[in-house]
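J.: Below you'll find the structure I mean.
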Amino acid sequence: MSVGIRHDDLRRRNRAMVITAVRRAGRPSRTEIAATTGLSHSTISAISSDLIGEGILAEGKPSEAGALKRGRPQVGLGLNPEAAAVMTVVLSLNFLSVAVIDYAGQVISEEQRRLDTLTMSREALIGECVAIVRRRLEDPDIDVRSVARIALAIQGITDTEARAMLWSPITPQTNIAFADILEAQFGIPATMENDCNMMAVALRWRDPERYRDDFIAILLSHGIGMGLVLKGELFTGTHSSGGEFGHMIHRPGGALCRCGRRGCVEAYAGNYAIWRNAKQLGEDTEPVADVSDAQMRALAATARERDGPEREAYRKAGEALGYGLGSLFALIDPAPVAMVGVSAAAFDLIEPALREAIAQTAGGQHSKSISFDTEPNELPLIREGCAMRALTFVDQEIFAPGVQTKAGLAAKKNVA
């Protein structure tokens, strides 16, 4: 027995396919959209005409290459930057960042603040987040009606419904329902995201050929985190963000981790752990609250210059990461790995021990198939992942069904 598709559902699906094709390709022609989506040229023409009329898409000028060919020049379709906007908020150790991003994915307003997240009260931490969002929304250059979504990312454990931060190593505060708080304050739908998951989302948009079905994003910063994609789906747990790689046990009863446990991968590979080992402090030494990027770059430079405790610290980091990854690859197929964060710039010091450790595990049987990329700054990736998560929500849930005006967008936001 066949099941029919309602006309409204088919229309929504086709509109979503066209919008997604434009977002992925940048400025594709109608012919290119047809080839990507499999929709007929007549369907593409009708949908694109509607989306242009609604102010969601905009036509570009005919390309010079197209003008040299016979027939009608190909006209590219692009996302109209003024159709909507989203806001990203990234809360990390002692740092808060916010950006307003237009519908085409460009940053139009941003602000950054240094905080002391480890000592701030619950009320002060929430107050800073609310205040920085309010300042951006009060910017006279921002059309508040166009802001359709707020995505806040944080290091640590977020709930599966993306509503709250359950625990984070950057603050002693727990169980803060940031999404509910921001929605109540500003009437804009909000989500709470894990920062490493958002890195994985961004990588997939940046390079869909490399980061496609199975891949891993590992944060090498003050803490160690992981964003894991399996079979094309972001892996999340039922009681956590999933992929808590940094707090897998490397050595039972080993070095003190800032989570309070002992022997975690992070207790050997986090910035504070590398610093502790380089300074030849004991494994029982309390993790330092913060190590600056400049200090880590200087430490890596020393490790490159001479064979001493600094180099040994990076070797221990590579060993912990390698055994952890090897154990993971014993469960899943080898996959591309992106190392992200300030210590990714020192991957040359980490990689030899990492590969040696992987080779000693069951997951290392195919270690030559495991490839690594590095990205030394995590903030742009986290921001981009948040933005793409929010923008695709606007694509699929607001514009695909057919909300045509900013007034309609505002009405839709209030019931989303």
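Labels for the structure tokens follow display order: chains A, B, ..., residues from 1 in each chain, ligands from 1.
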So that I can check the surroundings of region 98-100 of chain A, please list as a list in words every protein, DNA and RNA residue that reaches within 8 Å of it, counting only C-alpha atoms and ignoring chain neighbours fewer than 2 positions away.
T.: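 Listing them by chain and then by number gives Ala85, Val86, Met87, Thr88, Val89, Val90, Leu96, Asp102, Val107, Ile108, Ser109, Glu110, Glu111, Gln112, Ile132, Val133, Arg136 and Arg383 of chain A.
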J.: Using only C-alpha atoms, determine which residues lie at most 8 Å from Asn377 (chain A), disregarding the query and same-chain residues fewer than 4 positions distant; provide the list as a PyMOL selection string.
T.: chain A and resi 340-342+381
J.: Keeping only N, CA and C atoms, write the selected residues as a PDB file, in the first residue's frame.
T.:
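Result file is result28.pdb:
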ATOM      1  N   VAL A 340      41.778  20.825  17.054  1.00  0.00           N
ATOM      2  CA  VAL A 340      41.391  22.235  17.080  1.00  0.00           C
ATOM      3  C   VAL A 340      41.814  22.863  18.405  1.00  0.00           C
ATOM      4  N   GLY A 341      42.319  24.087  18.338  1.00  0.00           N
ATOM      5  CA  GLY A 341      42.693  24.794  19.553  1.00  0.00           C
ATOM      6  C   GLY A 341      44.161  25.169  19.562  1.00  0.00           C
ATOM      7  N   VAL A 342      44.581  25.925  20.573  1.00  0.00           N
ATOM      8  CA  VAL A 342      45.942  26.467  20.594  1.00  0.00           C
ATOM      9  C   VAL A 342      46.991  25.358  20.586  1.00  0.00           C
ATOM     10  N   LEU A 381      35.341  28.283  14.560  1.00  0.00           N
ATOM     11  CA  LEU A 381      34.621  27.042  14.267  1.00  0.00           C
ATOM     12  C   LEU A 381      33.386  26.890  15.137  1.00  0.00           C
TER      13      LEU A 381
END
J.: So that I can check the surroundings of Leu203 (chain A), please list as number ranges by chain every protein, DNA and RNA residue that reaches within 9 Å of it, counting only C-alpha atoms and ignoring chain neighbours fewer than 6 positions away.
T.: A: 210-211, 217, 338, 381, 384-385
J.: Can you list, as a PyMOL selection string, every residue of region 241-408 of chain A that DSSP puts in alpha helix (DSSP H)?
T.: chain A and resi 266-269+271-278+293-305+309-329+347-359+378-393+406-408
J.: So which bits of region 147-308 of chain A end up strand (DSSP E) when you DSSP the backbone, as an NGL selection string?
T.: :A and (147-154 or 157-158 or 165-167 or 190-194 or 215-220 or 224-230 or 233-234)
J.: Neighbouring residues of region 301-312 of chain A were defined as those with any atom within 7 Å, considering only C-alpha atoms; residues of the same chain fewer than 3 positions away were excluded. Please report them as a ChimeraX atom specification.
T.: /A:278,280,297-298,315-316
J.: Those residues you just picked out, can you put them in a file as a PDB file, in the first residue's frame with C-alpha atoms?
T.:
ATOM      1  CA  ALA A 278      56.661  20.854  31.627  1.00  0.00           C
ATOM      2  CA  GLN A 280      57.906  19.195  36.542  1.00  0.00           C
ATOM      3  CA  ARG A 297      53.105  29.015  22.277  1.00  0.00           C
ATOM      4  CA  ALA A 298      56.275  29.839  24.215  1.00  0.00           C
ATOM      5  CA  ARG A 315      55.008  13.369  24.433  1.00  0.00           C
ATOM      6  CA  LYS A 316      52.819  12.449  27.403  1.00  0.00           C
TER       7      LYS A 316
END
